[in-house]
$ cat my_file_30.pdb   # PDB, C-alpha atoms
ATOM      1  CA  MET A   1       5.576  29.086 -31.493
ATOM      2  CA  ASP A   2       2.880  26.434 -31.044
ATOM      3  CA  ASN A   3       5.482  23.697 -31.372
ATOM      4  CA  PHE A   4       7.673  25.417 -28.754
ATOM      5  CA  ASN A   5       4.737  25.692 -26.338
ATOM      6  CA  GLU A   6       3.842  22.067 -26.940
ATOM      7  CA  ILE A   7       7.377  20.959 -26.052
ATOM      8  CA  ASN A   8       7.351  23.162 -22.943
ATOM      9  CA  ASN A   9       4.021  21.713 -21.813
ATOM     10  CA  ARG A  10       5.171  18.142 -22.386
ATOM     11  CA  ILE A  11       8.353  18.703 -20.375
ATOM     12  CA  ALA A  12       6.298  20.391 -17.647
ATOM     13  CA  GLN A  13       3.896  17.426 -17.456
ATOM     14  CA  ASN A  14       6.819  15.009 -17.333
ATOM     15  CA  LEU A  15       8.471  16.972 -14.519
ATOM     16  CA  VAL A  16       5.250  16.910 -12.493
ATOM     17  CA  CYS A  17       4.669  13.231 -13.206
ATOM     18  CA  TYR A  18       8.162  12.051 -12.260
ATOM     19  CA  ARG A  19       8.288  14.267  -9.152
ATOM     20  CA  LYS A  20       5.003  12.880  -7.844
ATOM     21  CA  MET A  21       6.079   9.344  -8.689
ATOM     22  CA  ALA A  22       9.257   9.930  -6.641
ATOM     23  CA  GLY A  23       7.133  11.259  -3.755
ATOM     24  CA  PHE A  24       8.744  14.713  -3.544
ATOM     25  CA  THR A  25       7.070  18.040  -2.891
ATOM     26  CA  GLN A  26       8.245  21.009  -4.915
ATOM     27  CA  ALA A  27      10.071  22.334  -1.856
ATOM     28  CA  GLU A  28      11.853  19.005  -1.266
ATOM     29  CA  LEU A  29      12.922  18.765  -4.902
ATOM     30  CA  ALA A  30      14.102  22.384  -4.912
ATOM     31  CA  GLU A  31      16.297  21.657  -1.917
ATOM     32  CA  LYS A  32      17.853  18.645  -3.662
ATOM     33  CA  ILE A  33      18.847  20.626  -6.747
ATOM     34  CA  ASN A  34      19.680  23.882  -4.894
ATOM     35  CA  TYR A  35      16.957  25.902  -6.571
ATOM     36  CA  SER A  36      13.938  27.730  -5.173
ATOM     37  CA  ASP A  37      10.532  26.084  -5.107
ATOM     38  CA  LYS A  38       9.312  29.000  -7.226
ATOM     39  CA  SER A  39      11.652  27.876 -10.005
ATOM     40  CA  VAL A  40      10.365  24.305  -9.763
ATOM     41  CA  SER A  41       6.791  25.601  -9.850
ATOM     42  CA  LYS A  42       7.582  27.744 -12.920
ATOM     43  CA  TRP A  43       9.050  24.770 -14.791
ATOM     44  CA  GLU A  44       6.092  22.559 -13.934
ATOM     45  CA  GLN A  45       3.650  25.209 -15.139
ATOM     46  CA  GLY A  46       5.404  25.327 -18.514
ATOM     47  CA  ASN A  47       6.633  28.910 -18.026
ATOM     48  CA  GLY A  48      10.206  27.931 -18.563
ATOM     49  CA  VAL A  49      12.529  24.961 -18.996
ATOM     50  CA  PRO A  50      15.413  23.982 -16.687
ATOM     51  CA  ASP A  51      18.875  24.239 -18.197
ATOM     52  CA  VAL A  52      20.656  21.092 -19.353
ATOM     53  CA  TYR A  53      22.615  20.674 -16.109
ATOM     54  CA  VAL A  54      19.414  20.733 -14.033
ATOM     55  CA  LEU A  55      17.679  18.315 -16.419
ATOM     56  CA  ILE A  56      20.575  15.885 -16.016
ATOM     57  CA  GLN A  57      20.297  16.236 -12.232
ATOM     58  CA  LEU A  58      16.565  15.562 -12.365
ATOM     59  CA  ALA A  59      17.047  12.543 -14.617
ATOM     60  CA  GLN A  60      19.521  11.093 -12.094
ATOM     61  CA  ILE A  61      17.172  11.794  -9.166
ATOM     62  CA  TYR A  62      14.230  10.135 -10.927
ATOM     63  CA  ASN A  63      16.414   7.311 -12.288
ATOM     64  CA  VAL A  64      15.352   7.922 -15.882
ATOM     65  CA  THR A  65      17.181   8.912 -19.037
ATOM     66  CA  LEU A  66      17.270  12.474 -20.309
ATOM     67  CA  ASP A  67      15.227  11.373 -23.334
ATOM     68  CA  GLU A  68      12.537   9.954 -21.047
ATOM     69  CA  LEU A  69      12.465  13.163 -19.016
ATOM     70  CA  ILE A  70      11.947  15.487 -21.959
ATOM     71  CA  GLY A  71      10.577  13.072 -24.558
ATOM     72  CA  GLU A  72       7.214  11.380 -24.886
ATOM     73  CA  ASP A  73       4.415  11.725 -22.356
ATOM     74  CA  ALA A  74       5.526  10.197 -19.072
ATOM     75  CA  THR A  75       1.985   9.456 -17.910
ATOM     76  CA  LYS A  76       1.785   6.408 -20.202
ATOM     77  CA  LYS A  77       4.987   5.025 -18.780
ATOM     78  CA  VAL A  78       3.810   5.674 -15.233
ATOM     79  CA  GLN A  79       0.532   3.866 -15.904
ATOM     80  CA  GLU A  80       2.418   0.879 -17.307
ATOM     81  CA  GLN A  81       4.700   0.861 -14.255
ATOM     82  CA  LYS A  82       1.678   0.978 -11.945
ATOM     83  CA  LYS A  83       0.123  -1.996 -13.736
ATOM     84  CA  ARG A  84       3.368  -3.985 -13.488
ATOM     85  CA  ARG A  85       3.754  -3.011  -9.824
ATOM     86  CA  LEU A  86       0.174  -4.070  -9.055
ATOM     87  CA  ALA A  87       0.666  -7.388 -10.851
ATOM     88  CA  SER A  88       3.894  -8.094  -8.944
ATOM     89  CA  ARG A  89       2.248  -7.214  -5.619
ATOM     90  CA  ILE A  90      -0.684  -9.527  -6.318
ATOM     91  CA  LEU A  91       1.769 -12.294  -7.216
ATOM     92  CA  VAL A  92       3.804 -11.751  -4.031
ATOM     93  CA  THR A  93       0.626 -11.800  -1.916
ATOM     94  CA  LEU A  94      -0.634 -14.986  -3.570
ATOM     95  CA  LEU A  95       2.732 -16.718  -3.188
ATOM     96  CA  SER A  96       2.987 -15.717   0.482
ATOM     97  CA  SER A  97      -0.577 -16.859   1.126
ATOM     98  CA  GLY A  98       0.178 -20.103  -0.685
ATOM     99  CA  ILE A  99       3.150 -20.725   1.622
ATOM    100  CA  VAL A 100       0.922 -20.200   4.680
ATOM    101  CA  TRP A 101      -1.593 -22.750   3.435
ATOM    102  CA  LEU A 102       1.158 -25.148   2.364
ATOM    103  CA  VAL A 103       2.576 -25.070   5.897
ATOM    104  CA  ALA A 104      -0.917 -25.622   7.339
ATOM    105  CA  THR A 105      -1.491 -28.572   4.990
ATOM    106  CA  CYS A 106       1.884 -30.134   5.818
ATOM    107  CA  LEU A 107       1.168 -29.711   9.515
ATOM    108  CA  PHE A 108      -2.256 -31.300   9.116
ATOM    109  CA  VAL A 109      -0.970 -34.261   7.105
ATOM    110  CA  THR A 110       2.019 -35.074   9.322
ATOM    111  CA  THR A 111       0.157 -34.698  12.619
ATOM    112  CA  LYS A 112      -2.873 -36.581  11.313
ATOM    113  CA  MET A 113      -0.651 -39.485  10.334
ATOM    114  CA  ALA A 114       1.061 -39.492  13.730
ATOM    115  CA  LEU A 115      -2.032 -38.956  15.880
ATOM    116  CA  PRO A 116      -5.084 -39.664  13.725
ATOM    117  CA  THR A 117      -7.583 -39.431  16.565
ATOM    118  CA  LEU A 118      -7.021 -35.714  17.216
ATOM    119  CA  ASP A 119      -8.772 -32.907  15.342
ATOM    120  CA  TRP A 120      -5.827 -31.501  13.423
ATOM    121  CA  TRP A 121      -8.099 -29.773  10.897
ATOM    122  CA  LEU A 122      -7.923 -26.845  13.323
ATOM    123  CA  ALA A 123      -4.606 -26.004  11.632
ATOM    124  CA  PHE A 124      -6.569 -24.624   8.686
ATOM    125  CA  ILE A 125      -8.555 -22.316  10.986
ATOM    126  CA  TYR A 126      -5.323 -20.947  12.439
ATOM    127  CA  ALA A 127      -4.020 -20.574   8.889
ATOM    128  CA  ILE A 128      -6.779 -18.013   8.229
ATOM    129  CA  SER A 129      -5.354 -15.806  10.992
ATOM    130  CA  ALA A 130      -1.785 -16.319   9.781
ATOM    131  CA  ASN A 131      -2.803 -15.456   6.230
ATOM    132  CA  ALA A 132      -4.583 -12.326   7.462
ATOM    133  CA  ILE A 133      -1.407 -11.207   9.270
ATOM    134  CA  VAL A 134       0.638 -11.656   6.086
ATOM    135  CA  ILE A 135      -1.827  -9.542   4.096
ATOM    136  CA  ILE A 136      -1.939  -6.888   6.854
ATOM    137  CA  VAL A 137       1.845  -6.522   6.616
ATOM    138  CA  TYR A 138       1.792  -6.134   2.833
ATOM    139  CA  ALA A 139      -1.208  -3.780   2.944
ATOM    140  CA  GLY A 140       0.628  -1.609   5.478
ATOM    141  CA  VAL A 141       3.813  -1.480   3.410
ATOM    142  CA  TRP A 142       1.923  -0.729   0.196
ATOM    143  CA  ARG A 143      -0.609   1.591   1.904
ATOM    144  CA  TYR A 144      -3.712  -0.269   0.768
ATOM    145  CA  ARG A 145      -6.076   0.931   3.472
ATOM    146  CA  PHE A 146      -9.185  -0.956   2.397
ATOM    147  CA  LEU A 147      -7.264  -4.222   2.112
ATOM    148  CA  SER A 148      -5.757  -3.553   5.530
ATOM    149  CA  PHE A 149      -9.213  -2.942   7.008
ATOM    150  CA  VAL A 150     -10.625  -6.179   5.572
ATOM    151  CA  SER A 151      -7.568  -8.160   6.693
ATOM    152  CA  VAL A 152      -7.706  -6.842  10.263
ATOM    153  CA  SER A 153     -11.409  -7.744  10.422
ATOM    154  CA  ALA A 154     -10.605 -11.231   9.144
ATOM    155  CA  LEU A 155      -7.861 -11.546  11.771
ATOM    156  CA  ILE A 156     -10.183 -10.501  14.613
ATOM    157  CA  TRP A 157     -12.963 -12.943  13.783
ATOM    158  CA  SER A 158     -10.698 -15.823  12.766
ATOM    159  CA  LEU A 159      -8.786 -15.556  16.043
ATOM    160  CA  LEU A 160     -12.014 -15.585  18.009
ATOM    161  CA  LEU A 161     -13.190 -18.583  15.989
ATOM    162  CA  SER A 162      -9.879 -20.352  16.655
ATOM    163  CA  VAL A 163     -10.164 -19.775  20.406
ATOM    164  CA  TYR A 164     -13.797 -20.922  20.422
ATOM    165  CA  LEU A 165     -13.097 -24.124  18.497
ATOM    166  CA  THR A 166      -9.953 -24.863  20.507
ATOM    167  CA  LEU A 167     -11.862 -24.619  23.766
ATOM    168  CA  ARG A 168     -14.686 -26.762  22.405
ATOM    169  CA  LEU A 169     -12.303 -29.428  21.184
ATOM    170  CA  ALA A 170     -10.421 -29.280  24.486
ATOM    171  CA  GLY A 171     -13.617 -30.385  26.203
ATOM    172  CA  VAL A 172     -14.740 -27.099  27.673
ATOM    173  CA  GLU A 173     -18.484 -27.458  28.030
ATOM    174  CA  SER A 174     -20.220 -24.145  28.549
ATOM    175  CA  GLY A 175     -23.436 -22.786  27.149
ATOM    176  CA  SER A 176     -21.977 -19.302  27.271
ATOM    177  CA  LEU A 177     -18.831 -20.116  25.311
ATOM    178  CA  TRP A 178     -20.272 -18.323  22.283
ATOM    179  CA  LEU A 179     -19.926 -15.046  24.237
ATOM    180  CA  ILE A 180     -16.296 -15.041  23.107
ATOM    181  CA  PHE A 181     -17.527 -13.657  19.795
ATOM    182  CA  LEU A 182     -18.898 -10.563  21.562
ATOM    183  CA  LEU A 183     -15.287  -9.473  22.025
ATOM    184  CA  GLY A 184     -15.170  -8.938  18.281
ATOM    185  CA  ILE A 185     -17.695  -6.094  18.441
ATOM    186  CA  PRO A 186     -15.589  -3.584  20.447
ATOM    187  CA  LEU A 187     -12.487  -4.669  18.550
ATOM    188  CA  GLU A 188     -14.258  -3.996  15.244
ATOM    189  CA  VAL A 189     -15.456  -0.613  16.527
ATOM    190  CA  LEU A 190     -11.910   0.296  17.557
ATOM    191  CA  GLU A 191     -10.664  -0.660  14.102
ATOM    192  CA  ILE A 192     -13.306   1.523  12.434
ATOM    193  CA  LEU A 193     -12.373   4.464  14.692
ATOM    194  CA  TRP A 194      -8.684   3.923  13.905
ATOM    195  CA  VAL A 195      -9.389   3.923  10.155
ATOM    196  CA  PHE A 196     -11.548   7.046  10.517
ATOM    197  CA  PHE A 197      -8.842   9.007  12.346
ATOM    198  CA  ARG A 198      -6.168   7.855   9.906
ATOM    199  CA  PHE A 199      -8.372   9.023   7.042
ATOM    200  CA  LEU A 200      -9.012  12.345   8.781
ATOM    201  CA  PHE A 201      -5.356  13.086   9.493
ATOM    202  CA  GLY A 202      -4.380  11.734   6.065
ATOM    203  CA  ARG A 203      -6.588  14.334   4.414
ATOM    204  CA  LYS A 204      -4.948  17.070   6.469
ATOM    205  CA  ASP A 205      -1.482  15.860   5.428
ATOM    206  CA  LYS A 206      -2.542  15.838   1.770
ATOM    207  CA  LYS A 207      -3.845  19.399   2.066
ATOM    208  CA  THR A 208      -0.562  20.480   3.635
ATOM    209  CA  LYS A 209       1.443  18.865   0.825
ATOM    210  CA  LYS A 210      -0.844  20.396  -1.764
ATOM    211  CA  ASN A 211      -0.244  23.839  -0.290
ATOM    212  CA  GLU A 212       3.497  23.206  -0.388
ATOM    213  CA  THR A 213       3.382  22.319  -4.078
ATOM    214  CA  ALA A 214       1.127  25.254  -5.036
TER
END

$ encode --input "my_file_30.pdb" --output "structure tokens"
Amino acid sequence: MDNFNEINNRIAQNLVCYRKMAGFTQAELAEKINYSDKSVSKWEQGNGVPDVYVLIQLAQIYNVTLDELIGEDATKKVQEQKKRRLASRILVTLLSSGIVWLVATCLFVTTKMALPTLDWWLAFIYAISANAIVIIVYAGVWRYRFLSFVSVSALIWSLLLSVYLTLRLAGVESGSLWLIFLLGIPLEVLEILWVFFRFLFGRKDKKTKKNETA
């Protein structure tokens, strides 16, 4: 009996793990396999096991084998997948950032050779903003909110710095030119408010999903 319960619990944990990894609620999964959400909840609590046909359906939905679905603990596999996914995302971000800085360097070198008297080092300042935009895009796709927040802040201040330096190098002489940086304060406040409201509504959405899966 203990062995039977152990198998049931392992299958239940795997079902929960793969469902969450696929991003489905119990109600959404139940609709896909034409079962009630109560049945899905019962299976995930270890109070029963789906029949073979349903297990095959679930394996196809989660893109795993039947052995993986009912075999060893899926949490280890999920953790390994998360590590690999994180490593690949870091690599993609670094490569994309490297391309931005390569373009900036090429632009600096070629323009400096053609017109050596001009201050082409400004290309590297603009590269900071371009790099921040690249990271903002990836952070949005991958839902890394803290990284997104830091990147948006970097974009705000680097753009203001770019404008300030461009005007200075263009010969604009004004003792109040530094006031440009004051624009960053309301922009930063707006970003903080945006993050706060996203966090607030995100918590409400999570509570709603949690109630659906209960």

$ residues_around --input "my_file_30.pdb" --residues "segment 163-166 of chain A" --least-positions-apart "2" --cutoff "8 Å" --atoms "all atoms listed in the file" --output "number ranges by chain"
A: 122, 159-161, 168-170, 177-178, 180

$ resolve_selection --input "my_file_30.pdb" --expression "the PyMOL selection byres ((chain A and resi 61) around 10)" --output "list in words"
Tyr18, Arg19, Ala22, Leu29, Lys32, Ile33, Leu55, Ile56, Gln57, Leu58, Ala59, Gln60, Tyr62, Asn63 and Val64 of chain A

$ closest_residue --input "my_file_30.pdb" --among "A:Ala27, A:Val195, A:Val54, A:Val172" --to "Leu69 of chain A" --atoms "all atoms listed in the file"
A:Val54

$ residues_around --input "my_file_30.pdb" --residues "Ala139 of chain A" --least-positions-apart "4" --cutoff "12 Å" --atoms "all atoms listed in the file" --output "list of chain:residue names"
A:Arg89, A:Ile90, A:Val92, A:Thr93, A:Ala132, A:Ile133, A:Val134, A:Ile135, A:Arg143, A:Tyr144, A:Arg145, A:Phe146, A:Leu147, A:Ser148, A:Phe149, A:Val150, A:Ser151, A:Val152

$ resolve_selection --input "my_file_30.pdb" --expression "the PyMOL selection byres ((chain A and resi 184) around 12)" --output "ChimeraX atom specification"
/A:152-161,178-183,185-191

$ write_last_selection --input "my_file_30.pdb" --atoms "C-alpha atoms" --output "PDB file, in the coordinates of the input"
ATOM      1  CA  VAL A 152      -7.706  -6.842  10.263  1.00  0.00           C
ATOM      2  CA  SER A 153     -11.409  -7.744  10.422  1.00  0.00           C
ATOM      3  CA  ALA A 154     -10.605 -11.231   9.144  1.00  0.00           C
ATOM      4  CA  LEU A 155      -7.861 -11.546  11.771  1.00  0.00           C
ATOM      5  CA  ILE A 156     -10.183 -10.501  14.613  1.00  0.00           C
ATOM      6  CA  TRP A 157     -12.963 -12.943  13.783  1.00  0.00           C
ATOM      7  CA  SER A 158     -10.698 -15.823  12.766  1.00  0.00           C
ATOM      8  CA  LEU A 159      -8.786 -15.556  16.043  1.00  0.00           C
ATOM      9  CA  LEU A 160     -12.014 -15.585  18.009  1.00  0.00           C
ATOM     10  CA  LEU A 161     -13.190 -18.583  15.989  1.00  0.00           C
ATOM     11  CA  TRP A 178     -20.272 -18.323  22.283  1.00  0.00           C
ATOM     12  CA  LEU A 179     -19.926 -15.046  24.237  1.00  0.00           C
ATOM     13  CA  ILE A 180     -16.296 -15.041  23.107  1.00  0.00           C
ATOM     14  CA  PHE A 181     -17.527 -13.657  19.795  1.00  0.00           C
ATOM     15  CA  LEU A 182     -18.898 -10.563  21.562  1.00  0.00           C
ATOM     16  CA  LEU A 183     -15.287  -9.473  22.025  1.00  0.00           C
ATOM     17  CA  ILE A 185     -17.695  -6.094  18.441  1.00  0.00           C
ATOM     18  CA  PRO A 186     -15.589  -3.584  20.447  1.00  0.00           C
ATOM     19  CA  LEU A 187     -12.487  -4.669  18.550  1.00  0.00           C
ATOM     20  CA  GLU A 188     -14.258  -3.996  15.244  1.00  0.00           C
ATOM     21  CA  VAL A 189     -15.456  -0.613  16.527  1.00  0.00           C
ATOM     22  CA  LEU A 190     -11.910   0.296  17.557  1.00  0.00           C
ATOM     23  CA  GLU A 191     -10.664  -0.660  14.102  1.00  0.00           C
TER      24      GLU A 191
END

$ resolve_selection --input "my_file_30.pdb" --expression "the PyMOL selection byres ((chain A and resi 11) around 12)" --output "ChimeraX atom specification"
/A:4-10,12-18,42-50,55,58,66-75

$ atom_distance --input "my_file_30.pdb" --atom1 "atom CA of Gln26 of chain A" --atom2 "atom CA of Lys38 of chain A"
8.4 Å

$ atom_distance --input "my_file_30.pdb" --atom1 "atom CA of Phe108 of chain A" --atom2 "atom CA of Gly171 of chain A"
20.5 Å

$ atom_distance --input "my_file_30.pdb" --atom1 "atom CA of Leu193 of chain A" --atom2 "atom CA of Tyr126 of chain A"
26.5 Å

$ axis_aligned_box --input "my_file_30.pdb" --around "segment 64-83 of chain A" --padding-each-side "5 Å" --output "AutoDock Vina command-line options"
--center_x 8.7 --center_y 6.7 --center_z -18.4 --size_x 27.1 --size_y 27.5 --size_z 22.9

$ closest_residue --input "my_file_30.pdb" --among "A:Val78, A:Val52, A:Cys106, A:Val141" --to "Trp120 of chain A" --atoms "all atoms listed in the file"
A:Cys106
